[in-house]
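Listing of final_30.txt; format and content: compact mmCIF, C-alpha atoms.
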```
# COMPACT_ATOMS: atom_id res chain seq x y z
CA MET A 1 0.00 0.00 0.00
CA SER A 2 1.40 3.38 -0.93
CA LYS A 3 0.43 4.99 2.39
CA LEU A 4 0.92 3.48 5.81
CA ASP A 5 -2.21 1.94 7.22
CA LEU A 6 -3.51 3.14 10.55
CA VAL A 7 -3.26 0.17 12.88
CA MET A 8 -4.65 0.64 16.36
CA PHE A 9 -4.01 -1.90 19.13
CA GLU A 10 -6.08 -2.52 22.23
CA GLU A 11 -3.78 -0.66 24.61
CA GLU A 12 -3.59 2.52 22.53
CA PHE A 13 -7.30 2.40 21.87
CA LYS A 14 -7.99 2.18 25.59
CA GLN A 15 -5.74 5.17 26.26
CA LEU A 16 -7.51 7.24 23.60
CA GLN A 17 -10.85 6.20 24.99
CA ASP A 18 -9.82 7.18 28.54
CA ILE A 19 -8.64 10.62 27.41
CA ILE A 20 -11.79 11.50 25.48
CA GLY A 21 -13.98 10.07 28.25
CA ARG A 22 -12.25 12.38 30.71
CA LEU A 23 -12.51 15.30 28.29
CA GLN A 24 -16.25 14.76 27.92
CA LYS A 25 -16.72 14.96 31.70
CA ASP A 26 -14.24 17.79 32.37
CA ALA A 27 -15.66 19.95 29.56
CA SER A 28 -19.28 19.13 30.54
CA ALA A 29 -19.80 18.17 26.90
CA LYS A 30 -22.66 16.06 25.54
CA VAL A 31 -20.53 14.01 23.19
CA VAL A 32 -16.90 13.80 22.16
CA PHE A 33 -15.74 12.04 19.00
CA LEU A 34 -12.27 11.31 17.78
CA VAL A 35 -12.17 10.75 14.03
CA ASP A 36 -9.36 10.46 11.53
CA LYS A 37 -8.79 12.92 8.70
CA ASN A 38 -10.02 10.37 6.18
CA GLY A 39 -13.45 10.29 7.78
CA GLN A 40 -13.28 7.22 9.95
CA GLN A 41 -14.41 7.23 13.53
CA ILE A 42 -11.75 6.14 16.03
CA ALA A 43 -13.41 6.57 19.44
CA SER A 44 -16.31 8.32 21.15
CA ALA A 45 -17.65 9.24 24.60
CA GLY A 46 -20.94 10.56 26.00
CA GLU A 47 -24.47 10.35 24.58
CA VAL A 48 -23.27 8.78 21.36
CA HIS A 49 -26.48 6.90 20.60
CA SER A 50 -28.36 10.08 19.83
CA ILE A 51 -26.12 10.80 16.83
CA ASP A 52 -25.33 9.07 13.52
CA ALA A 53 -21.62 8.78 14.29
CA THR A 54 -20.54 7.42 10.90
CA SER A 55 -22.08 10.31 8.98
CA LEU A 56 -20.73 12.75 11.54
CA ALA A 57 -17.20 11.40 11.05
CA SER A 58 -17.36 11.60 7.29
CA LEU A 59 -18.90 15.08 7.19
CA THR A 60 -16.44 16.39 9.78
CA ALA A 61 -13.52 15.11 7.74
CA GLY A 62 -15.03 16.69 4.61
CA ASN A 63 -15.50 19.94 6.47
CA VAL A 64 -11.92 19.93 7.78
CA ALA A 65 -10.56 19.02 4.34
CA ALA A 66 -12.50 21.85 2.69
CA THR A 67 -11.38 24.33 5.36
CA ASP A 68 -7.82 23.10 4.89
CA GLY A 69 -8.15 23.85 1.19
CA LEU A 70 -9.42 27.35 2.02
CA ALA A 71 -6.49 27.92 4.39
CA LYS A 72 -3.96 27.00 1.71
CA LEU A 73 -5.69 29.29 -0.79
CA ILE A 74 -5.04 32.29 1.45
CA GLY A 75 -1.52 31.13 2.37
CA GLU A 76 -2.21 29.61 5.79
CA LYS A 77 -0.90 26.15 6.76
CA GLU A 78 -4.21 25.15 8.29
CA PHE A 79 -7.05 26.41 10.45
CA SER A 80 -6.60 24.29 13.52
CA LEU A 81 -9.97 25.10 15.02
CA LEU A 82 -13.54 25.28 13.69
CA PHE A 83 -16.50 26.36 15.76
CA HIS A 84 -20.15 26.08 14.74
CA GLU A 85 -22.72 27.75 16.94
CA GLY A 86 -26.28 26.44 16.94
CA GLU A 87 -29.45 27.47 18.78
CA LYS A 88 -29.02 24.75 21.37
CA ASP A 89 -25.94 22.72 20.54
CA ASN A 90 -22.51 23.83 19.43
CA LEU A 91 -19.77 22.00 17.62
CA HIS A 92 -16.09 22.49 18.43
CA ILE A 93 -13.75 20.85 15.92
CA SER A 94 -9.97 20.82 16.33
CA ILE A 95 -7.04 19.10 14.67
CA VAL A 96 -5.01 16.66 16.76
CA GLY A 97 -1.51 15.75 15.61
CA LYS A 98 -1.18 15.00 11.92
CA ARG A 99 -4.20 12.84 11.32
CA GLY A 100 -6.76 13.19 14.11
CA ILE A 101 -9.82 15.41 14.50
CA LEU A 102 -11.47 16.00 17.85
CA VAL A 103 -15.18 16.86 17.78
CA VAL A 104 -16.85 18.18 20.93
CA ILE A 105 -20.62 18.73 21.02
CA PHE A 106 -21.86 20.86 23.91
CA ASP A 107 -24.88 22.96 24.94
CA GLN A 108 -25.44 25.78 27.43
CA GLY A 109 -24.41 23.39 30.21
CA SER A 110 -20.84 24.25 29.21
CA SER A 111 -19.06 27.17 27.55
CA LEU A 112 -16.71 27.73 24.65
CA ALA A 113 -13.96 28.87 27.04
CA LEU A 114 -14.18 25.72 29.14
CA VAL A 115 -14.26 23.49 26.07
CA ARG A 116 -11.23 25.22 24.57
CA LEU A 117 -9.29 24.90 27.81
CA ARG A 118 -10.03 21.19 28.23
CA VAL A 119 -9.50 20.40 24.55
CA LYS A 120 -6.04 21.92 24.70
CA LYS A 121 -4.88 19.53 27.40
CA ALA A 122 -6.54 16.48 25.85
CA SER A 123 -5.08 17.32 22.42
CA ARG A 124 -1.55 17.18 23.77
CA GLU A 125 -2.11 13.74 25.25
CA LEU A 126 -3.86 12.45 22.14
CA SER A 127 -1.07 13.75 19.88
CA GLU A 128 1.48 11.75 21.85
CA ILE A 129 -0.47 8.55 21.30
CA PHE A 130 -0.91 9.27 17.58
CA GLU A 131 2.82 9.84 17.32
CA ARG A 132 3.50 6.48 18.98
CA VAL A 133 1.12 4.74 16.56
CA GLU A 134 2.83 6.45 13.64
CA THR A 135 6.34 5.60 14.83
CA ARG A 136 5.39 1.98 15.27
CA ALA A 137 3.80 1.87 11.80
CA HIS A 138 7.07 3.16 10.32
CA GLU A 139 9.16 0.63 12.21
CA GLU A 140 6.92 -2.24 11.22
CA SER A 141 6.72 -1.28 7.58
CA GLY A 142 10.40 -2.14 7.25
CA PRO A 143 11.73 -5.57 6.25
CA GLY A 144 12.07 -8.37 8.81
CA THR A 145 9.36 -7.15 11.17
CA LYS A 146 7.90 -9.37 13.81
CA PHE A 147 4.31 -8.24 13.40
CA GLU A 148 2.26 -10.59 11.28
CA SER A 149 -0.96 -9.32 9.75
CA PRO A 150 -4.04 -11.46 10.42
CA PHE A 151 -4.95 -10.89 6.76
CA SER A 152 -1.98 -12.71 5.35
CA GLU A 153 -4.19 -15.63 4.47
CA ILE A 154 -7.27 -13.99 2.95
CA THR A 155 -8.63 -16.18 0.19
CA ASP A 156 -10.97 -15.59 -2.74
CA ASP A 157 -13.58 -17.57 -0.80
CA ASP A 158 -13.40 -15.09 2.10
CA ILE A 159 -14.10 -12.26 -0.31
CA ASP A 160 -16.93 -14.13 -2.05
CA LYS A 161 -18.51 -14.71 1.37
CA LEU A 162 -18.52 -10.98 2.08
CA PHE A 163 -20.71 -10.51 -0.97
CA GLY A 164 -22.96 -13.41 -0.02
CA ASP A 165 -21.89 -15.73 -2.87
CA MET H 1 -5.18 4.10 3.94
CA THR H 2 -7.00 1.26 5.62
CA PHE H 3 -7.89 1.72 9.28
CA ILE H 4 -7.44 -1.53 11.20
CA ASN H 5 -8.74 -1.41 14.77
CA TYR H 6 -7.60 -4.39 16.80
CA ALA H 7 -9.60 -3.30 19.84
CA SER H 8 -12.98 -3.37 18.10
CA ARG H 9 -11.74 -5.85 15.48
CA GLU H 10 -12.74 -3.75 12.51
CA ILE H 11 -11.23 -2.92 9.13
CA ASN H 12 -12.41 0.25 7.41
CA CYS H 13 -11.70 0.82 3.73
CA LYS H 14 -12.43 3.88 1.63
CA ILE H 15 -13.51 3.44 -1.99
CA VAL H 16 -13.97 6.45 -4.27
CA TYR H 17 -16.17 6.53 -7.39
CA TYR H 18 -14.58 8.83 -9.97
CA GLY H 19 -15.60 9.87 -13.48
CA PRO H 20 -16.87 12.71 -15.67
CA GLY H 21 -20.04 14.67 -14.88
CA LEU H 22 -23.32 12.72 -15.19
CA CYS H 23 -21.59 9.37 -15.78
CA GLY H 24 -23.54 7.65 -12.98
CA LYS H 25 -21.31 7.67 -9.90
CA THR H 26 -24.12 8.69 -7.57
CA THR H 27 -26.49 6.26 -9.33
CA ASN H 28 -24.06 3.42 -8.52
CA ILE H 29 -24.08 4.08 -4.81
CA GLN H 30 -27.80 4.89 -4.73
CA TRP H 31 -28.46 1.47 -6.19
CA ILE H 32 -26.19 -0.18 -3.62
CA HIS H 33 -28.02 1.74 -0.89
CA GLU H 34 -31.44 0.60 -2.14
CA GLN H 35 -30.41 -3.03 -2.45
CA ALA H 36 -28.34 -3.40 0.72
CA ASN H 37 -29.78 -5.03 3.80
CA PRO H 38 -31.05 -2.08 5.94
CA GLU H 39 -29.19 -3.52 8.95
CA LYS H 40 -25.90 -3.48 7.11
CA ARG H 41 -26.05 -0.11 5.40
CA GLY H 42 -25.65 3.29 6.99
CA LYS H 43 -27.30 6.48 5.92
CA LEU H 44 -26.63 7.76 2.41
CA VAL H 45 -25.33 11.30 2.79
CA SER H 46 -25.52 13.45 -0.36
CA LEU H 47 -24.12 16.94 -0.50
CA ALA H 48 -25.82 17.97 -3.72
CA THR H 49 -27.07 21.13 -5.41
CA GLU H 50 -30.76 21.91 -5.78
CA THR H 51 -30.67 20.21 -9.17
CA ASP H 52 -29.25 17.01 -7.66
CA ARG H 53 -25.75 17.48 -9.01
CA THR H 54 -23.10 16.35 -6.53
CA LEU H 55 -21.61 19.43 -4.89
CA PHE H 56 -19.03 17.91 -2.56
CA PHE H 57 -19.56 14.17 -2.17
CA ASP H 58 -22.01 11.35 -1.55
CA PHE H 59 -21.15 8.97 1.24
CA LEU H 60 -22.43 5.49 2.04
CA PRO H 61 -21.04 3.28 4.82
CA LEU H 62 -21.58 -0.47 4.31
CA ASP H 63 -21.00 -3.32 6.76
CA MET H 64 -19.88 -6.28 4.71
CA GLY H 65 -19.53 -9.10 7.24
CA THR H 66 -16.35 -10.57 8.67
CA VAL H 67 -13.00 -11.73 7.34
CA LYS H 68 -10.63 -13.59 9.66
CA GLY H 69 -12.69 -12.44 12.66
CA PHE H 70 -12.56 -8.77 11.64
CA LYS H 71 -15.67 -6.77 10.72
CA VAL H 72 -15.15 -5.32 7.26
CA ARG H 73 -16.69 -1.91 6.59
CA PHE H 74 -16.54 -0.07 3.29
CA HIS H 75 -16.95 3.67 3.07
CA LEU H 76 -18.11 4.55 -0.44
CA TYR H 77 -17.60 8.10 -1.67
CA THR H 78 -18.37 9.77 -4.99
CA VAL H 79 -16.69 12.91 -6.25
CA PRO H 80 -18.42 15.80 -8.03
CA GLY H 81 -17.80 15.14 -11.74
CA GLN H 82 -18.14 18.66 -13.08
CA VAL H 83 -14.79 20.05 -14.21
CA PHE H 84 -14.80 23.16 -11.99
CA TYR H 85 -15.09 21.15 -8.77
CA ASP H 86 -11.53 19.91 -9.07
CA ALA H 87 -10.39 21.17 -5.66
CA SER H 88 -13.15 19.12 -3.99
CA ARG H 89 -12.30 16.03 -6.03
CA LYS H 90 -8.72 16.15 -4.84
CA LEU H 91 -9.80 16.35 -1.18
CA ILE H 92 -12.04 13.32 -1.44
CA LEU H 93 -9.25 11.12 -2.78
CA ARG H 94 -7.32 11.73 0.43
CA GLY H 95 -6.61 8.42 2.15
CA CYS H 96 -8.54 6.29 -0.32
CA ASP H 97 -7.88 2.56 -0.62
CA GLY H 98 -9.32 2.01 -4.06
CA VAL H 99 -10.87 3.84 -6.99
CA ILE H 100 -13.74 2.87 -9.29
CA PHE H 101 -13.72 4.82 -12.53
CA VAL H 102 -17.22 5.11 -13.98
CA ALA H 103 -16.99 5.80 -17.71
CA ASP H 104 -19.94 7.12 -19.71
CA SER H 105 -20.44 4.84 -22.74
CA GLN H 106 -22.12 7.51 -24.89
CA ARG H 107 -19.89 8.29 -27.86
CA PRO H 108 -19.91 12.10 -27.39
CA ARG H 109 -18.59 11.61 -23.82
CA MET H 110 -15.37 9.77 -24.74
CA GLU H 111 -13.25 12.89 -24.54
CA ALA H 112 -14.73 13.70 -21.11
CA ASN H 113 -13.85 10.15 -19.98
CA ILE H 114 -10.25 10.49 -21.13
CA GLU H 115 -9.91 13.90 -19.49
CA ALA H 116 -11.35 12.55 -16.24
CA ILE H 117 -8.82 9.69 -16.13
CA ALA H 118 -5.97 12.16 -16.70
CA ASN H 119 -7.42 14.33 -13.93
CA LEU H 120 -7.67 11.28 -11.64
CA ALA H 121 -4.01 10.45 -12.27
CA THR H 122 -2.98 14.00 -11.33
CA ASN H 123 -5.15 14.16 -8.22
CA LEU H 124 -4.01 10.73 -7.03
CA LYS H 125 -0.41 11.77 -7.48
CA ASP H 126 -1.03 14.93 -5.43
CA ASN H 127 -2.33 12.67 -2.66
CA GLY H 128 0.74 10.42 -2.82
CA PHE H 129 -0.84 7.58 -4.83
CA ASP H 130 0.02 6.07 -8.19
CA ILE H 131 -2.83 5.37 -10.62
CA ARG H 132 -0.81 2.44 -11.98
CA THR H 133 -0.72 0.59 -8.67
CA ILE H 134 -3.72 1.61 -6.55
CA PRO H 135 -6.65 -0.89 -6.50
CA TYR H 136 -8.66 0.22 -9.53
CA VAL H 137 -11.67 -0.88 -11.57
CA LEU H 138 -13.08 0.48 -14.84
CA GLN H 139 -16.85 0.40 -15.20
CA LEU H 140 -18.36 1.06 -18.65
CA ASN H 141 -21.70 2.51 -17.61
CA LYS H 142 -24.85 3.28 -19.63
CA ARG H 143 -24.42 0.30 -21.96
CA ASP H 144 -28.13 0.59 -22.81
CA MET H 145 -27.81 4.00 -24.43
CA PRO H 146 -28.45 4.16 -28.20
CA THR H 147 -25.24 6.12 -28.82
CA SER H 148 -23.03 3.69 -26.86
CA GLU H 149 -19.50 3.30 -28.11
CA LYS H 150 -18.30 -0.25 -28.83
CA VAL H 151 -16.69 -2.00 -25.85
CA ASP H 152 -13.50 -2.71 -27.83
CA GLU H 153 -13.08 0.93 -28.66
CA MET H 154 -13.69 2.02 -25.07
CA GLU H 155 -11.17 -0.52 -23.90
CA ARG H 156 -8.62 0.86 -26.34
CA LEU H 157 -9.24 4.41 -25.18
CA LEU H 158 -9.66 3.98 -21.44
CA ARG H 159 -8.10 0.76 -20.19
CA PHE H 160 -4.43 1.19 -19.39
CA ARG H 161 -3.29 -1.38 -16.83
CA ASN H 162 -5.24 -4.57 -17.42
CA GLU H 163 -7.65 -3.52 -14.67
CA PRO H 164 -10.99 -5.32 -14.27
CA MET H 165 -13.39 -3.85 -16.84
CA ILE H 166 -17.08 -4.27 -16.13
CA GLU H 167 -20.06 -3.33 -18.30
CA GLY H 168 -22.86 -1.68 -16.39
CA ILE H 169 -26.28 -0.07 -16.49
CA ALA H 170 -26.20 1.49 -13.04
CA ASN H 171 -29.83 2.67 -12.93
CA GLN H 172 -30.92 -0.96 -13.42
CA GLY H 173 -28.22 -2.31 -11.11
CA VAL H 174 -26.40 -4.12 -13.92
CA GLY H 175 -22.71 -4.54 -13.07
CA VAL H 176 -22.93 -2.40 -9.92
CA ILE H 177 -22.14 -5.07 -7.33
CA GLU H 178 -19.61 -6.78 -9.62
CA THR H 179 -17.74 -3.49 -9.89
CA LEU H 180 -17.66 -2.96 -6.13
CA LYS H 181 -16.60 -6.54 -5.59
CA ALA H 182 -13.75 -6.28 -8.09
CA CYS H 183 -12.43 -3.26 -6.21
CA ALA H 184 -12.93 -4.82 -2.75
CA ARG H 185 -11.04 -7.91 -3.88
CA GLN H 186 -8.00 -5.88 -4.87
CA ILE H 187 -8.05 -3.88 -1.61
CA LEU H 188 -8.27 -6.96 0.60
CA MET H 189 -5.60 -8.76 -1.42
CA GLU H 190 -3.43 -5.69 -0.95
CA LEU H 191 -3.91 -5.99 2.82
CA GLN H 192 -2.67 -9.53 2.53
CA ARG H 193 0.55 -8.35 0.93
CA SER H 194 1.22 -5.32 3.14
```
For the file at hand, write its structure as structure tokens.
Amino acid sequence: MSKLDLVMFEEEFKQLQDIIGRLQKDASAKVVFLVDKNGQQIASAGEVHSIDATSLASLTAGNVAATDGLAKLIGEKEFSLLFHEGEKDNLHISIVGKRGILVVIFDQGSSLALVRLRVKKASRELSEIFERVETRAHEESGPGTKFESPFSEITDDDIDKLFGD
Amino acid sequence: MTFINYASREINCKIVYYGPGLCGKTTNIQWIHEQANPEKRGKLVSLATETDRTLFFDFLPLDMGTVKGFKVRFHLYTVPGQVFYDASRKLILRGCDGVIFVADSQRPRMEANIEAIANLATNLKDNGFDIRTIPYVLQLNKRDMPTSEKVDEMERLLRFRNEPMIEGIANQGVGVIETLKACARQILMELQRS
């Protein structure tokens, strides 16, 4: 594959989950999502069942990508923060590390200042984990690695089964 | 860029439908959405203009079942085909695992098909991919149109790497699943190698 795959193991996943769980409580937010820049949801915390998380992830990534494009057009590297204010709920979107996006949904039970403050701390911690995942991916993409993919034995039959043949 | 989550045992793959304006990219994924088991498909999100032309993208998440104990989920995206939406097209290719090129079989659209493939090559390159190696399928859509070009001629003009070539009539569902399957096969086989 021409780009490194994002491979997340149990331990890292748990750490990410702990951080965004804490962020959701500390920021008095309704929901917190962590998605990747390609539109895939990584983790979530809070009242997640009230929201179509898959669509949210894809639209957020689209939004960030479009805003990124706008930034480059005017000579900025990126806009690291997007804020959408609604009548009841607000959306705070920020970039984490190179490939993560943190989405915080909150209402009048919290405030933009509090969310910004808490997001800042959580972002630092999340970035460190992303960096570890990235470093490991680089190390393991080299020859003679110990990690063996569980997909090394995918057969045509497996693929046919996915399509119900 | 496939996302493999060992904690939730999921693999997520992104497939992008590319092609000239009005070639049937959205029709392909609308048909998949209508036919898919409601429990396995997510919501079809379309960011379209008032005249139903794709403005940014369409998006359809699909749960496919399991491979080697991992849930396989495909995220299908279409790009806006109209020439002036090039900046958006480039963004949508970001992190894709495979591309399906939907060609319009109508003879007057051959030049648009060729231009769209050249544009795809450029935009893939800008995202760090190579059109000669990324999982790729060519669908010849609208085979039922009276002005359809011959398959041989389309192959000569548009096929460049021995990629799977599938004839389709997307609004009747002909060739739609075969096309998706041909792309999925390449992506999963790629996972095997990487």
Selection: 7 Å around segment 67-79 of chain H, all atoms listed in the file, excl. self and same-chain fewer than 5 positions, as a short mmCIF file (atom, residue, chain, number, x, y, z; two decimals) with C-alpha atoms, in the coordinates of the input:
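Result went into part_9.cif, see below:
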```
data_model
loop_
_atom_site.label_atom_id
_atom_site.label_comp_id
_atom_site.auth_asym_id
_atom_site.auth_seq_id
_atom_site.Cartn_x
_atom_site.Cartn_y
_atom_site.Cartn_z
CA PRO A 150 -4.04 -11.46 10.42
CA PHE A 151 -4.95 -10.89 6.76
CA ASP A 158 -13.40 -15.09 2.10
CA ARG H 9 -11.74 -5.85 15.48
CA GLU H 10 -12.74 -3.75 12.51
CA ILE H 11 -11.23 -2.92 9.13
CA ASN H 12 -12.41 0.25 7.41
CA CYS H 13 -11.70 0.82 3.73
CA LYS H 14 -12.43 3.88 1.63
CA ILE H 15 -13.51 3.44 -1.99
CA VAL H 16 -13.97 6.45 -4.27
CA TYR H 17 -16.17 6.53 -7.39
CA TYR H 18 -14.58 8.83 -9.97
CA LYS H 25 -21.31 7.67 -9.90
CA THR H 26 -24.12 8.69 -7.57
CA PHE H 56 -19.03 17.91 -2.56
CA PHE H 57 -19.56 14.17 -2.17
CA ASP H 58 -22.01 11.35 -1.55
CA PHE H 59 -21.15 8.97 1.24
CA LEU H 60 -22.43 5.49 2.04
CA PRO H 61 -21.04 3.28 4.82
CA LEU H 62 -21.58 -0.47 4.31
CA ARG H 89 -12.30 16.03 -6.03
CA ILE H 92 -12.04 13.32 -1.44
#
```
List as an NGL selection string the protein and nucleic acid residues near Met154 of chain H, meaning an atom at most 12 Å away when all atoms listed in the file are counted, but skip any in the same chain fewer than 6 places from it.
:H and (103-107 or 109-111 or 113-114 or 138-141 or 143 or 148 or 160 or 165-167)
Could you tell me which residues of chain H sit within 6 Å of chain A when counting all atoms listed in the file, and give me the result as a compact mmCIF listing (two decimals) with C-alpha atoms, in the coordinates of the input?
```txt
# COMPACT_ATOMS: atom_id res chain seq x y z
CA MET H 1 -5.18 4.10 3.94
CA THR H 2 -7.00 1.26 5.62
CA PHE H 3 -7.89 1.72 9.28
CA ILE H 4 -7.44 -1.53 11.20
CA ASN H 5 -8.74 -1.41 14.77
CA TYR H 6 -7.60 -4.39 16.80
CA ALA H 7 -9.60 -3.30 19.84
CA MET H 64 -19.88 -6.28 4.71
CA GLY H 65 -19.53 -9.10 7.24
CA GLY H 95 -6.61 8.42 2.15
CA GLN H 192 -2.67 -9.53 2.53
```
Smallest atom-to-atom distance to Phe33 of chain A: which of A:Glu125, A:Glu47, A:Glu76, A:Asp107, using only C-alpha atoms?
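Looking only at the distances to Phe33 of chain A, the closest residue turns out to be A:Glu47.
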Pairwise distance, atom CA of Trp31 of chain H with atom CA of Arg53 of chain H, equals 16.5 Å
Hey, what's within 10 Å of Lys90 of chain H if we count all atoms listed in the file and toss same-chain stuff fewer than 4 positions away? As a tab-separated table (two decimals) with C-alpha atoms, keeping the file's coordinate frame, please?
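So the final result, stored in result_2.tsv, reads:
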```
chain	number	residue	atom	x	y	z
A	65	ALA	CA	-10.56	19.02	4.34
A	69	GLY	CA	-8.15	23.85	1.19
H	79	VAL	CA	-16.69	12.91	-6.25
H	85	TYR	CA	-15.09	21.15	-8.77
H	86	ASP	CA	-11.53	19.91	-9.07
H	94	ARG	CA	-7.32	11.73	0.43
H	119	ASN	CA	-7.42	14.33	-13.93
H	120	LEU	CA	-7.67	11.28	-11.64
H	122	THR	CA	-2.98	14.00	-11.33
H	123	ASN	CA	-5.15	14.16	-8.22
H	124	LEU	CA	-4.01	10.73	-7.03
H	125	LYS	CA	-0.41	11.77	-7.48
H	126	ASP	CA	-1.03	14.93	-5.43
H	127	ASN	CA	-2.33	12.67	-2.66
```
Report the distance between atom CA of Leu34 of chain A and atom CA of Ser111 of chain A in Å, rounded to one decimal place.
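A separation of 19.8 Å between them.
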With distances taken over all atoms listed in the file, which of A:Thr60, A:Lys30, A:Ala137, A:Ser94 is nearest to Val48 of chain A?
A:Lys30
Figure out the distance between atom CA of Lys40 of chain H and atom CA of Asp89 of chain A, please, to one decimal in Å.
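Rounded to one decimal, the two atoms are 29.4 Å apart.
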